[in-house]
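With CSV, C-alpha atoms inside, this is work21.csv:
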chain,number,residue,atom,x,y,z
A,15,MET,CA,10.3,21.9,6.2
A,16,PRO,CA,12.9,23.3,3.8
A,17,ARG,CA,16.3,21.6,3.9
A,18,TRP,CA,19.4,23.2,5.4
A,19,LYS,CA,20.8,26.0,3.2
A,20,PRO,CA,24.4,27.2,3.7
A,21,ASP,CA,23.5,30.9,2.9
A,22,ALA,CA,20.8,31.2,5.5
A,23,PRO,CA,21.8,34.5,7.1
A,24,GLU,CA,22.0,36.2,3.7
A,25,ARG,CA,18.7,34.8,2.6
A,26,LEU,CA,17.1,35.9,5.8
A,27,GLN,CA,18.6,39.4,5.4
A,28,THR,CA,17.4,39.7,1.9
A,29,ALA,CA,13.9,38.6,2.7
A,30,ALA,CA,13.7,40.9,5.8
A,31,LEU,CA,14.9,44.0,3.9
A,32,GLU,CA,12.4,43.4,1.1
A,33,LEU,CA,9.6,43.1,3.7
A,34,PHE,CA,10.8,46.1,5.8
A,35,ASP,CA,11.0,48.1,2.6
A,36,GLN,CA,7.5,47.1,1.3
A,37,GLN,CA,5.4,47.1,4.5
A,38,GLY,CA,7.5,48.9,7.1
A,39,PHE,CA,9.8,47.6,9.9
A,40,GLU,CA,7.2,47.6,12.6
A,41,ARG,CA,4.6,45.7,10.7
A,42,THR,CA,6.9,42.9,9.6
A,43,THR,CA,7.1,39.7,11.7
A,44,VAL,CA,9.8,37.0,12.0
A,45,ALA,CA,7.2,34.5,10.7
A,46,GLU,CA,6.8,36.5,7.5
A,47,ILE,CA,10.6,36.8,7.1
A,48,VAL,CA,11.2,33.0,7.4
A,49,GLN,CA,8.2,32.3,5.1
A,50,ARG,CA,9.7,34.5,2.4
A,51,ALA,CA,13.2,33.1,2.8
A,52,GLU,CA,11.8,29.5,2.8
A,53,LEU,CA,13.5,28.8,6.2
A,54,THR,CA,12.3,28.1,9.7
A,55,GLN,CA,12.0,30.4,12.8
A,56,ARG,CA,14.5,28.1,14.5
A,57,THR,CA,17.1,28.9,11.7
A,58,PHE,CA,16.2,32.6,12.1
A,59,PHE,CA,16.9,32.6,15.8
A,60,ASN,CA,20.1,30.6,15.3
A,61,HIS,CA,21.4,33.7,13.5
A,62,PHE,CA,19.6,36.7,14.9
A,63,ALA,CA,18.3,37.6,18.4
A,64,ASP,CA,15.4,39.6,16.9
A,65,LYS,CA,14.4,41.3,13.7
A,66,ARG,CA,16.3,44.4,14.6
A,67,GLU,CA,19.5,42.4,14.6
A,68,VAL,CA,19.0,41.7,10.9
A,69,LEU,CA,19.7,45.4,10.4
A,70,PHE,CA,22.5,45.8,13.0
A,71,GLY,CA,24.1,42.4,13.3
A,72,MET,CA,27.0,43.2,11.1
A,73,SER,CA,28.0,46.5,12.9
A,74,ALA,CA,30.3,44.7,15.3
A,75,GLU,CA,32.1,42.9,12.5
A,76,ILE,CA,32.5,46.0,10.4
A,77,GLN,CA,33.9,47.9,13.4
A,78,ARG,CA,36.4,45.0,14.1
A,79,GLU,CA,37.6,45.0,10.4
A,80,ILE,CA,38.1,48.8,10.4
A,81,VAL,CA,39.9,48.9,13.7
A,82,GLY,CA,42.0,45.9,12.6
A,83,GLU,CA,43.1,47.8,9.4
A,84,ILE,CA,44.0,50.9,11.4
A,85,GLU,CA,46.1,48.8,13.8
A,86,ALA,CA,47.8,47.1,10.9
A,87,GLY,CA,48.4,50.3,9.0
A,88,ASP,CA,51.6,52.0,8.1
A,89,ASP,CA,53.0,53.8,11.1
A,90,THR,CA,54.5,56.7,9.2
A,91,SER,CA,51.3,57.8,7.6
A,92,PRO,CA,49.3,60.8,9.0
A,93,PRO,CA,46.3,59.7,11.2
A,94,PHE,CA,43.7,60.9,8.8
A,95,ASP,CA,45.3,59.0,5.9
A,96,VAL,CA,45.3,55.8,8.0
A,97,VAL,CA,41.6,56.0,8.7
A,98,VAL,CA,40.6,56.9,5.2
A,99,ARG,CA,42.6,54.0,3.8
A,100,ALA,CA,41.1,51.6,6.4
A,101,LEU,CA,37.6,52.7,5.5
A,102,GLU,CA,38.4,52.2,1.8
A,103,VAL,CA,39.7,48.7,2.3
A,104,VAL,CA,36.7,47.7,4.3
A,105,ALA,CA,34.4,49.4,1.8
A,106,ASP,CA,35.9,47.3,-1.0
A,107,ARG,CA,35.8,44.1,1.1
A,108,MET,CA,32.4,44.4,2.7
A,109,PHE,CA,30.2,46.9,0.9
A,110,GLU,CA,31.0,47.1,-2.8
A,111,SER,CA,29.3,43.8,-3.9
A,112,ARG,CA,26.2,44.6,-1.8
A,113,ARG,CA,25.2,48.1,-3.0
A,114,ALA,CA,21.5,47.3,-3.4
A,115,ALA,CA,21.1,45.6,0.0
A,116,VAL,CA,23.1,48.3,1.8
A,117,ALA,CA,21.0,51.0,0.1
A,118,ARG,CA,17.8,49.2,1.1
A,119,ARG,CA,19.0,48.8,4.6
A,120,TYR,CA,19.6,52.5,4.9
A,121,ALA,CA,16.2,53.4,3.5
A,122,VAL,CA,14.5,51.2,6.1
A,123,ILE,CA,16.5,52.8,8.9
A,124,ALA,CA,16.0,56.4,7.7
A,125,ALA,CA,12.2,55.8,7.8
A,126,ASN,CA,12.1,54.8,11.5
A,127,PRO,CA,13.2,57.3,14.1
A,128,GLU,CA,14.0,54.6,16.7
A,129,LEU,CA,16.2,52.7,14.2
A,130,LEU,CA,17.9,55.9,13.1
A,131,GLU,CA,18.8,56.7,16.7
A,132,ARG,CA,20.3,53.3,17.0
A,133,GLU,CA,22.2,53.7,13.8
A,134,LEU,CA,23.6,57.0,15.0
A,135,GLY,CA,24.7,55.3,18.2
A,136,LYS,CA,26.5,52.6,16.3
A,137,ASN,CA,28.2,55.3,14.1
A,138,ALA,CA,29.3,57.2,17.2
A,139,ALA,CA,30.7,54.1,18.7
A,140,LEU,CA,32.5,53.3,15.5
A,141,THR,CA,34.0,56.8,15.4
A,142,GLU,CA,35.1,56.5,19.1
A,143,ALA,CA,36.7,53.0,18.4
A,144,ILE,CA,38.6,54.5,15.5
A,145,ALA,CA,39.7,57.5,17.6
A,146,ASP,CA,40.9,55.1,20.3
A,147,ALA,CA,42.9,53.0,17.8
A,148,LEU,CA,44.4,56.1,16.4
A,149,HIS,CA,45.2,57.6,19.8
A,150,THR,CA,47.2,54.4,20.6
A,151,ARG,CA,49.2,55.1,17.4
A,152,CYS,CA,49.6,58.9,17.3
A,153,GLY,CA,49.5,59.8,20.9
A,154,ASP,CA,47.5,63.0,20.5
A,155,PRO,CA,43.8,62.6,21.5
A,156,GLU,CA,42.5,65.7,19.8
A,157,THR,CA,44.1,64.8,16.4
A,158,ALA,CA,42.7,61.2,16.8
A,159,PHE,CA,39.2,62.6,17.5
A,160,LEU,CA,39.3,65.0,14.6
A,161,ALA,CA,40.9,62.5,12.1
A,162,ALA,CA,38.3,59.8,13.1
A,163,GLY,CA,35.4,62.3,12.9
A,164,ALA,CA,36.5,63.8,9.6
A,165,ALA,CA,37.1,60.4,7.9
A,166,VAL,CA,33.7,59.1,9.0
A,167,LEU,CA,32.1,62.4,7.7
A,168,ALA,CA,33.8,61.9,4.3
A,169,GLN,CA,32.6,58.3,4.3
A,170,GLN,CA,29.0,59.4,5.0
A,171,ALA,CA,29.1,61.9,2.1
A,172,ALA,CA,30.5,59.2,-0.2
A,173,PHE,CA,27.9,56.7,1.1
A,174,ARG,CA,25.0,59.1,0.3
A,175,GLN,CA,26.2,59.4,-3.3
A,176,TRP,CA,27.0,55.7,-3.7
A,177,THR,CA,23.4,54.7,-2.8
A,178,ARG,CA,21.8,57.1,-5.3
A,179,PRO,CA,20.1,55.5,-8.2
A,180,GLY,CA,22.3,55.4,-11.3
A,181,GLU,CA,25.6,56.0,-9.5
A,182,THR,CA,28.2,53.6,-10.8
A,183,ARG,CA,31.5,54.8,-9.1
A,184,THR,CA,32.7,52.6,-6.3
A,185,LEU,CA,32.4,53.7,-2.7
A,186,SER,CA,36.2,53.9,-2.5
A,187,GLU,CA,36.3,56.3,-5.5
A,188,LEU,CA,33.6,58.4,-4.0
A,189,MET,CA,35.4,58.4,-0.7
A,190,GLN,CA,38.5,59.9,-2.4
A,191,ASP,CA,36.3,62.6,-4.0
A,192,ALA,CA,34.7,63.4,-0.6
A,193,VAL,CA,38.0,63.7,1.1
A,194,ARG,CA,39.2,66.2,-1.5
A,195,ALA,CA,35.9,68.1,-1.2
A,196,LEU,CA,36.2,68.1,2.6
A,197,HIS,CA,39.7,69.6,2.4
A,198,THR,CA,38.5,72.3,0.1
A,199,THR,CA,35.5,73.0,2.4
A,200,VAL,CA,37.6,73.6,5.5
A,201,SER,CA,40.4,75.4,3.7
A,202,PRO,CA,42.1,78.4,5.3
A,203,ALA,CA,40.1,81.0,3.3
A,204,ALA,CA,37.2,79.8,5.3
A,205,TRP,CA,38.7,80.6,8.7
A,206,GLN,CA,41.6,83.0,8.4
A,207,ARG,CA,39.7,86.2,9.0
A,208,SER,CA,41.5,89.5,9.2
A,209,ASP,CA,38.9,90.9,11.7
A,210,ARG,CA,39.9,88.6,14.5
B,24,MET,CA,3.8,76.1,49.2
B,25,PRO,CA,6.7,78.3,48.0
B,26,ARG,CA,5.7,81.5,46.3
B,27,TRP,CA,6.1,82.1,42.6
B,28,LYS,CA,9.7,82.5,41.5
B,29,PRO,CA,10.6,84.1,38.1
B,30,ASP,CA,13.6,81.9,37.6
B,31,ALA,CA,11.7,78.6,38.0
B,32,PRO,CA,13.0,76.8,34.9
B,33,GLU,CA,16.7,77.5,35.8
B,34,ARG,CA,16.2,76.5,39.4
B,35,LEU,CA,14.6,73.3,38.3
B,36,GLN,CA,17.4,72.6,35.9
B,37,THR,CA,20.1,73.2,38.5
B,38,ALA,CA,18.3,71.0,41.0
B,39,ALA,CA,17.7,68.2,38.5
B,40,LEU,CA,21.3,68.3,37.2
B,41,GLU,CA,22.7,68.1,40.8
B,42,LEU,CA,20.5,65.1,41.6
B,43,PHE,CA,21.1,63.3,38.2
B,44,ASP,CA,24.8,63.8,38.9
B,45,GLN,CA,24.7,62.5,42.5
B,46,GLN,CA,22.3,59.6,42.3
B,47,GLY,CA,21.8,58.9,38.6
B,48,PHE,CA,19.2,60.0,36.1
B,49,GLU,CA,17.1,56.8,36.4
B,50,ARG,CA,16.8,57.0,40.2
B,51,THR,CA,15.8,60.7,40.4
B,52,THR,CA,12.1,61.5,40.6
B,53,VAL,CA,10.3,64.7,39.7
B,54,ALA,CA,9.2,64.9,43.4
B,55,GLU,CA,12.9,65.1,44.5
B,56,ILE,CA,13.7,67.7,41.9
B,57,VAL,CA,10.9,70.1,43.0
B,58,GLN,CA,11.7,69.5,46.7
B,59,ARG,CA,15.3,70.5,46.1
B,60,ALA,CA,14.3,73.5,44.0
B,61,GLU,CA,11.7,74.5,46.6
B,62,LEU,CA,9.0,74.5,43.9
B,63,THR,CA,5.9,72.5,43.2
B,64,GLN,CA,5.3,69.6,40.8
B,65,ARG,CA,2.7,71.8,39.1
B,66,THR,CA,5.4,74.4,38.3
B,67,PHE,CA,7.7,71.6,37.1
B,68,PHE,CA,5.1,70.4,34.6
B,69,ASN,CA,4.3,73.9,33.5
B,70,HIS,CA,7.9,74.0,32.1
B,71,PHE,CA,8.8,70.4,31.3
B,72,ALA,CA,6.9,67.4,30.0
B,73,ASP,CA,9.1,65.0,32.0
B,74,LYS,CA,12.5,64.8,33.6
B,75,ARG,CA,14.2,64.0,30.3
B,76,GLU,CA,13.0,67.4,28.9
B,77,VAL,CA,15.1,69.1,31.6
B,78,LEU,CA,18.1,67.8,29.7
B,79,PHE,CA,16.8,68.3,26.1
B,80,GLY,CA,14.3,71.2,26.4
B,81,MET,CA,16.8,73.8,25.1
B,82,SER,CA,17.8,71.8,22.0
B,83,ALA,CA,15.1,73.3,19.8
B,84,GLU,CA,15.9,76.9,20.9
B,85,ILE,CA,19.7,76.3,20.3
B,86,GLN,CA,18.9,75.0,16.8
B,87,ARG,CA,16.7,77.9,16.0
B,88,GLU,CA,19.4,80.4,17.1
B,89,ILE,CA,22.1,78.7,15.0
B,90,VAL,CA,19.9,78.4,11.9
B,91,GLY,CA,18.9,82.0,12.3
B,92,GLU,CA,22.5,83.1,12.4
B,93,ILE,CA,23.3,81.2,9.3
B,94,GLU,CA,20.3,82.7,7.5
B,95,ALA,CA,21.4,86.2,8.6
B,96,GLY,CA,25.0,85.6,7.7
B,97,ASP,CA,27.2,87.3,5.1
B,98,ASP,CA,26.3,85.9,1.7
B,99,THR,CA,29.8,86.2,0.3
B,100,SER,CA,31.5,84.1,3.0
B,101,PRO,CA,32.3,80.4,2.2
B,102,PRO,CA,29.7,78.0,3.7
B,103,PHE,CA,32.1,76.5,6.3
B,104,ASP,CA,32.9,80.0,7.6
B,105,VAL,CA,29.2,80.9,7.9
B,106,VAL,CA,28.6,77.9,10.1
B,107,VAL,CA,31.7,78.3,12.3
B,108,ARG,CA,30.7,82.0,12.9
B,109,ALA,CA,27.1,81.0,13.7
B,110,LEU,CA,28.3,78.4,16.2
B,111,GLU,CA,30.6,80.9,17.8
B,112,VAL,CA,28.0,83.6,18.1
B,113,VAL,CA,25.5,81.1,19.7
B,114,ALA,CA,28.3,79.7,22.0
B,115,ASP,CA,29.0,83.2,23.3
B,116,ARG,CA,25.3,84.0,23.7
B,117,MET,CA,23.9,80.7,25.2
B,118,PHE,CA,26.8,78.6,26.6
B,119,GLU,CA,29.7,80.7,27.8
B,120,SER,CA,28.1,81.9,31.1
B,121,ARG,CA,26.8,78.3,31.9
B,122,ARG,CA,30.0,76.3,31.7
B,123,ALA,CA,29.5,74.3,34.9
B,124,ALA,CA,25.8,73.5,34.1
B,125,VAL,CA,26.6,72.5,30.5
B,126,ALA,CA,29.5,70.2,31.7
B,127,ARG,CA,27.3,68.6,34.3
B,128,ARG,CA,24.5,68.0,31.7
B,129,TYR,CA,27.0,66.3,29.4
B,130,ALA,CA,28.3,64.1,32.2
B,131,VAL,CA,24.8,62.9,33.0
B,132,ILE,CA,24.0,62.2,29.4
B,133,ALA,CA,27.3,60.3,28.8
B,134,ALA,CA,26.6,58.0,31.7
B,135,ASN,CA,23.3,56.8,30.3
B,136,PRO,CA,23.2,55.0,26.9
B,137,GLU,CA,19.5,55.9,26.2
B,138,LEU,CA,20.2,59.6,26.9
B,139,LEU,CA,23.3,59.4,24.8
B,140,GLU,CA,21.4,58.0,21.8
B,141,ARG,CA,18.9,60.8,22.2
B,142,GLU,CA,21.7,63.4,22.3
B,143,LEU,CA,23.2,61.9,19.1
B,144,GLY,CA,19.8,62.1,17.5
B,145,LYS,CA,19.5,65.8,18.4
B,146,ASN,CA,23.1,66.5,17.1
B,147,ALA,CA,22.3,64.8,13.9
B,148,ALA,CA,19.1,66.8,13.5
B,149,LEU,CA,21.1,70.0,14.2
B,150,THR,CA,23.7,69.1,11.6
B,151,GLU,CA,20.9,68.4,9.1
B,152,ALA,CA,19.1,71.7,9.8
B,153,ILE,CA,22.4,73.5,9.4
B,154,ALA,CA,23.1,71.7,6.1
B,155,ASP,CA,19.6,72.6,4.9
B,156,ALA,CA,20.0,76.3,5.7
B,157,LEU,CA,23.4,76.3,4.0
B,158,HIS,CA,22.0,74.5,1.0
B,159,THR,CA,19.5,77.2,0.5
B,160,ARG,CA,22.4,79.7,0.4
B,161,CYS,CA,25.1,77.9,-1.4
B,162,GLY,CA,23.2,75.6,-3.7
B,163,ASP,CA,25.5,72.6,-3.5
B,164,PRO,CA,24.2,69.9,-1.2
B,165,GLU,CA,27.5,68.0,-0.9
B,166,THR,CA,29.3,71.2,0.2
B,167,ALA,CA,26.5,72.0,2.6
B,168,PHE,CA,26.6,68.5,4.1
B,169,LEU,CA,30.4,68.6,4.5
B,170,ALA,CA,30.5,72.2,5.8
B,171,ALA,CA,27.8,71.4,8.4
B,172,GLY,CA,29.4,68.2,9.5
B,173,ALA,CA,32.9,69.6,9.7
B,174,ALA,CA,31.8,72.6,11.7
B,175,VAL,CA,29.8,70.5,14.2
B,176,LEU,CA,32.9,68.2,14.5
B,177,ALA,CA,35.1,71.2,15.3
B,178,GLN,CA,32.5,72.3,17.8
B,179,GLN,CA,32.5,68.9,19.5
B,180,ALA,CA,36.3,68.9,19.8
B,181,ALA,CA,36.1,72.4,21.3
B,182,PHE,CA,33.4,71.4,23.6
B,183,ARG,CA,35.3,68.4,25.0
B,184,GLN,CA,38.2,70.8,25.9
B,185,TRP,CA,35.9,73.5,27.2
B,186,THR,CA,34.3,71.3,29.8
B,187,ARG,CA,37.6,69.9,31.1
B,188,PRO,CA,38.5,71.0,34.7
B,189,GLY,CA,40.8,74.0,34.8
B,190,GLU,CA,40.2,75.1,31.2
B,191,THR,CA,39.7,78.9,31.1
B,192,ARG,CA,39.6,79.7,27.3
B,193,THR,CA,36.2,80.5,25.9
B,194,LEU,CA,34.3,78.0,23.8
B,195,SER,CA,34.7,80.4,20.8
B,196,GLU,CA,38.4,80.5,21.3
B,197,LEU,CA,38.6,76.8,21.5
B,198,MET,CA,36.4,76.5,18.4
B,199,GLN,CA,38.9,78.6,16.4
B,200,ASP,CA,41.7,76.3,17.6
B,201,ALA,CA,39.7,73.2,16.6
B,202,VAL,CA,39.0,74.6,13.2
B,203,ARG,CA,42.7,75.1,12.6
B,204,ALA,CA,43.5,71.7,13.9
B,205,LEU,CA,40.8,70.2,11.6
B,206,HIS,CA,42.3,71.9,8.6
B,207,THR,CA,45.8,70.5,9.4
B,208,THR,CA,44.4,67.1,10.1
B,209,VAL,CA,42.7,66.8,6.6
B,210,SER,CA,45.5,68.6,4.8
B,211,PRO,CA,46.6,67.3,1.3
B,212,ALA,CA,49.7,65.4,2.7
B,213,ALA,CA,47.1,63.1,4.3
B,214,TRP,CA,45.4,62.2,1.1
B,215,GLN,CA,47.5,63.0,-2.0
B,216,ARG,CA,49.1,59.6,-2.4
B,217,SER,CA,51.4,58.8,-5.3
B,218,ASP,CA,50.4,55.1,-5.4
B,219,ARG,CA,46.9,55.8,-6.6

Take the structure I supplied and represent it as C-alpha cells, if you would.
Amino acid sequence: MPRWKPDAPERLQTAALELFDQQGFERTTVAEIVQRAELTQRTFFNHFADKREVLFGMSAEIQREIVGEIEAGDDTSPPFDVVVRALEVVADRMFESRRAAVARRYAVIAANPELLERELGKNAALTEAIADALHTRCGDPETAFLAAGAAVLAQQAAFRQWTRPGETRTLSELMQDAVRALHTTVSPAAWQRSDR
Amino acid sequence: MPRWKPDAPERLQTAALELFDQQGFERTTVAEIVQRAELTQRTFFNHFADKREVLFGMSAEIQREIVGEIEAGDDTSPPFDVVVRALEVVADRMFESRRAAVARRYAVIAANPELLERELGKNAALTEAIADALHTRCGDPETAFLAAGAAVLAQQAAFRQWTRPGETRTLSELMQDAVRALHTTVSPAAWQRSDR
C-alpha cells in the first residue's frame, strides 16, 4: 500500500481527469483512478463522495471565494465593476496556475450531456449567489441580476479563449478584453432604433 | 370516453400545469392529467412522450422560430440588435397571449431542481443555436457568443418582471427596458479603471 501523500486530492484529480479524457467519464472506475494515482480507495473516499465530485468538488469553494470578494469590495464602485474585479481576483488565485487541468476538466464535461447540465446548474447557482451578494450592496435587484449575468457571460467568453491551445494571455487579461467586447456589443447603436 | 377535441394539447397542458402547481410535479400522474382534461391516456401519449414533455415540448419550436427570425433578419443590423429583435418578434407571437400559463410553467420548474437543470440545459442550447446562426451572418465567433448571451440575459430579466403579479407591460416592452438597463450596467465607467 502506498504511503500517505500530502497532495492526495490533487493527485486523484489529475489521474481522474487523464482517465476521463482518455476513455470517457462513464467508463472510468474509482479503482482505476486510485491505481493510476498510486493511492487507495479509502483515500479517494476520504476526499470525494464519488467520481463526479472529482469534477465538481471545488465549485462550492470557488463560489465562496467570489462572494467573499464581492462582500469585501469597494462600496463606491458600480456593481458590474465589483463582480468583474472579484472574478479576476479569483481567476488569478484559483485558476491561472492550473490552465491545463481546468481545460481538461471542461473538455470532459462538454462531452457528457448529464455532466454539462450539472455544470450549467452550478453556473446558474453561482450567478444567483453573485446577484444576491450584489443586491445586498446595491439595493436594486434588476441591476444586481444584470451585473451578475453580464460579468459571468464575459468570464465565459474569456474562459473559452483561455483554454484554447496556444493562448498565453492570463484569464484576467482575457476577462478585461471580453468586458470591453461586451460593452461594444450591447452599445446604443444596437438598440436605439428610430422606428420604435 | 370523451369525443375528439381539436385543442387537446393545450387542454392537456393547462390541466397538467394546474396539477403540477397544486400538488407538485413528482406527485402528479398522467392518469390525473387526462382525467382533469377530460381526455384519454391515448390522446396524451399521441402528443407527449411523458409528463415532462408537457413542460419542455415547445422548446424545439421556440428555438426554430427564433433562429428563423435571425436568419431572416436585416443583414446590415449589428448582431445584438438582430437577436433582440428576433426575441421580441417571437415573444409577441408565442408568449404574449399566454402570460398566466408561462408564469405557472416557470413556477413549477423553479420548484424542482431536476426540472430546473433541464431548463438551464435548454436555455444554453438556445443560446448556442442563436450564436451559431449569428456566427454564420457576422463571421466573428466571440461577438456572436456575447451578442447571443447578452440578449438572452436581457430576455431573462424581462421575463422575470413580466411574470410578476400585476405587471401589465408586454414582454417586448420589458425586453427593451432590460436592454437599456444592461447597456447602462456594463457602461465604461464600470470597467475603465485608472489603476490598471

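In this comparison, which uses all atoms listed in the file, the residue of A:Leu31, A:Ala125, A:Val81, A:Val193 approaching Ala145 of chain A most closely is A:Val81.
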
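In this structure, atom CA of Glu40 of chain A sits 20.7 Å away from atom CA of Glu24 of chain A.
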
Problem - Between atom CA of Glu151 of chain B and atom CA of Ala109 of chain B - distance in Å to one decimal - result: 14.8 Å

So that each row is one residue of chain A with an atom at most 8 Å from chain B, can you give its shortest atom pair and the distance in Å to one decimal, using all atoms listed in the file, rows by chain and rising number, as CSV?
residue,atom,partner,partner_atom,distance
A:Ser91,CA,B:Ala213,CA,7.5
A:Pro92,CA,B:Ala213,CA,5.7
A:Pro93,CA,B:Thr208,CA,7.7
A:Phe94,CA,B:Ala213,CA,6.1
A:Asp95,CA,B:Ala213,CA,4.8
A:Leu130,CA,B:Gly144,CA,7.8
A:Glu131,CA,B:Gly144,CA,5.5
A:Arg132,CA,B:Glu140,CA,6.8
A:Leu134,CA,B:Leu143,CA,6.4
A:Gly135,CA,B:Glu140,CA,5.6
A:Ala138,CA,B:Leu143,CA,7.9
A:Glu156,CA,B:Ala180,CA,7.0
A:Thr157,CA,B:Thr208,CA,6.7
A:Phe159,CA,B:Ala180,CA,7.3
A:Leu160,CA,B:Leu205,CA,6.2
A:Ala161,CA,B:Thr208,CA,6.1
A:Gly163,CA,B:Leu176,CA,6.6
A:Ala164,CA,B:Ala173,CA,6.8
A:Leu167,CA,B:Gly172,CA,6.6
A:Ala168,CA,B:Leu169,CA,7.5
A:Ala171,CA,B:Glu165,CA,7.0
A:Val193,CA,B:Trp214,CA,7.6
A:Arg194,CA,B:Trp214,CA,7.8
A:Ala195,CA,B:Thr166,CA,7.4
A:Leu196,CA,B:Leu169,CA,6.1
A:His197,CA,B:Val209,CA,5.9
A:Thr199,CA,B:Ala170,CA,6.1
A:Val200,CA,B:His206,CA,5.9
A:Ser201,CA,B:His206,CA,6.3
A:Pro202,CA,B:His206,CA,7.3
A:Ala203,CA,B:Pro101,CA,7.9
A:Ala204,CA,B:Asp104,CA,4.9
A:Trp205,CA,B:Asp104,CA,5.9

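Distance-wise, atom CA of Thr182 of chain A and atom CA of Ala51 of chain A end up 28.8 Å apart.
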
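Counting only C-alpha atoms, the residue from B:Leu194, B:Leu35, B:Ala54, B:Leu78 that sits nearest to Arg128 of chain B is B:Leu78.
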
Handout entry: Pick from A:Val116, A:Ile84, A:Ala29, A:Met189 nearest to Ala147 of chain A, counting all atoms listed in the file
Key = A:Ile84

Exercise for the section: Within 9 Å of segment 71-77 of chain A, counting all atoms listed in the file, which residues show up once you throw out same-chain ones fewer than 5 positions away? Write them as a PyMOL selection string, please. Expected result: chain A and resi 62+66+82+104+108+136-137+139-140+143-144

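In terms of minimum interatomic distance to Gln45 of chain B, B:Val131 ranks closest within B:Val131, B:Glu88, B:Arg59, B:Val106, counting all atoms listed in the file.
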
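In this comparison, which uses all atoms listed in the file, the residue of B:Phe43, B:Phe67, B:Trp185, B:Phe79 approaching Arg121 of chain B most closely is B:Trp185.
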
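With only C-alpha atoms as the basis for measurement, A:Cys152 is the residue among A:Ala121, A:Val68, A:Cys152, A:Gln49 that approaches Thr90 of chain A most closely.
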
Problem - Shell around Thr186 of chain B at 8 Å using all atoms listed in the file, local window under 5 positions removed, as number ranges by chain - result: B: 122-123, 125-126

Just write the chosen residues, C-alpha atoms, as a JSON list (two decimals), keeping the file's coordinate frame.
[["chain", "number", "residue", "atom", "x", "y", "z"],
["B", 122, "ARG", "CA", 30.00, 76.30, 31.70],
["B", 123, "ALA", "CA", 29.50, 74.30, 34.90],
["B", 125, "VAL", "CA", 26.60, 72.50, 30.50],
["B", 126, "ALA", "CA", 29.50, 70.20, 31.70]]

Handout entry: Long-range neighbours of Asn69 of chain B as a ChimeraX atom specification, 10 Å cut-off, only C-alpha atoms, 6 positions minimum in chain
Key = /B:31-32,63

Complete the atoms of segment 124-135 of chain A to N, CA, C and O atoms and put them out as a PDB file, keeping the file's coordinate frame.
ATOM      1  N   ALA A 124      16.300  54.923   7.802  1.00  0.00           N
ATOM      2  CA  ALA A 124      16.000  56.400   7.700  1.00  0.00           C
ATOM      3  C   ALA A 124      14.498  56.622   7.929  1.00  0.00           C
ATOM      4  O   ALA A 124      14.095  57.707   8.348  1.00  0.00           O
ATOM      5  N   ALA A 125      13.662  55.610   7.661  1.00  0.00           N
ATOM      6  CA  ALA A 125      12.200  55.800   7.800  1.00  0.00           C
ATOM      7  C   ALA A 125      11.687  55.576   9.168  1.00  0.00           C
ATOM      8  O   ALA A 125      10.494  55.758   9.423  1.00  0.00           O
ATOM      9  N   ASN A 126      12.546  55.189  10.106  1.00  0.00           N
ATOM     10  CA  ASN A 126      12.100  54.800  11.500  1.00  0.00           C
ATOM     11  C   ASN A 126      12.976  55.547  12.492  1.00  0.00           C
ATOM     12  O   ASN A 126      14.151  55.206  12.644  1.00  0.00           O
ATOM     13  N   PRO A 127      12.417  56.541  13.220  1.00  0.00           N
ATOM     14  CA  PRO A 127      13.200  57.300  14.100  1.00  0.00           C
ATOM     15  C   PRO A 127      14.008  56.501  15.168  1.00  0.00           C
ATOM     16  O   PRO A 127      15.165  56.793  15.475  1.00  0.00           O
ATOM     17  N   GLU A 128      13.379  55.430  15.661  1.00  0.00           N
ATOM     18  CA  GLU A 128      14.000  54.600  16.700  1.00  0.00           C
ATOM     19  C   GLU A 128      15.254  53.879  16.076  1.00  0.00           C
ATOM     20  O   GLU A 128      16.324  53.813  16.691  1.00  0.00           O
ATOM     21  N   LEU A 129      15.075  53.349  14.866  1.00  0.00           N
ATOM     22  CA  LEU A 129      16.200  52.700  14.200  1.00  0.00           C
ATOM     23  C   LEU A 129      17.291  53.683  13.851  1.00  0.00           C
ATOM     24  O   LEU A 129      18.476  53.383  13.954  1.00  0.00           O
ATOM     25  N   LEU A 130      16.874  54.895  13.467  1.00  0.00           N
ATOM     26  CA  LEU A 130      17.900  55.900  13.100  1.00  0.00           C
ATOM     27  C   LEU A 130      18.702  56.308  14.327  1.00  0.00           C
ATOM     28  O   LEU A 130      19.922  56.464  14.223  1.00  0.00           O
ATOM     29  N   GLU A 131      18.073  56.427  15.498  1.00  0.00           N
ATOM     30  CA  GLU A 131      18.800  56.700  16.700  1.00  0.00           C
ATOM     31  C   GLU A 131      19.837  55.610  17.008  1.00  0.00           C
ATOM     32  O   GLU A 131      20.968  55.866  17.416  1.00  0.00           O
ATOM     33  N   ARG A 132      19.398  54.373  16.795  1.00  0.00           N
ATOM     34  CA  ARG A 132      20.300  53.300  17.000  1.00  0.00           C
ATOM     35  C   ARG A 132      21.482  53.292  16.054  1.00  0.00           C
ATOM     36  O   ARG A 132      22.627  53.064  16.434  1.00  0.00           O
ATOM     37  N   GLU A 133      21.182  53.597  14.793  1.00  0.00           N
ATOM     38  CA  GLU A 133      22.200  53.700  13.800  1.00  0.00           C
ATOM     39  C   GLU A 133      23.232  54.811  14.141  1.00  0.00           C
ATOM     40  O   GLU A 133      24.442  54.630  14.015  1.00  0.00           O
ATOM     41  N   LEU A 134      22.718  55.944  14.601  1.00  0.00           N
ATOM     42  CA  LEU A 134      23.600  57.000  15.000  1.00  0.00           C
ATOM     43  C   LEU A 134      24.475  56.625  16.168  1.00  0.00           C
ATOM     44  O   LEU A 134      25.654  56.978  16.240  1.00  0.00           O
ATOM     45  N   GLY A 135      23.880  55.847  17.090  1.00  0.00           N
ATOM     46  CA  GLY A 135      24.700  55.300  18.200  1.00  0.00           C
ATOM     47  C   GLY A 135      25.777  54.422  17.777  1.00  0.00           C
ATOM     48  O   GLY A 135      26.906  54.516  18.256  1.00  0.00           O
TER      49      GLY A 135
END
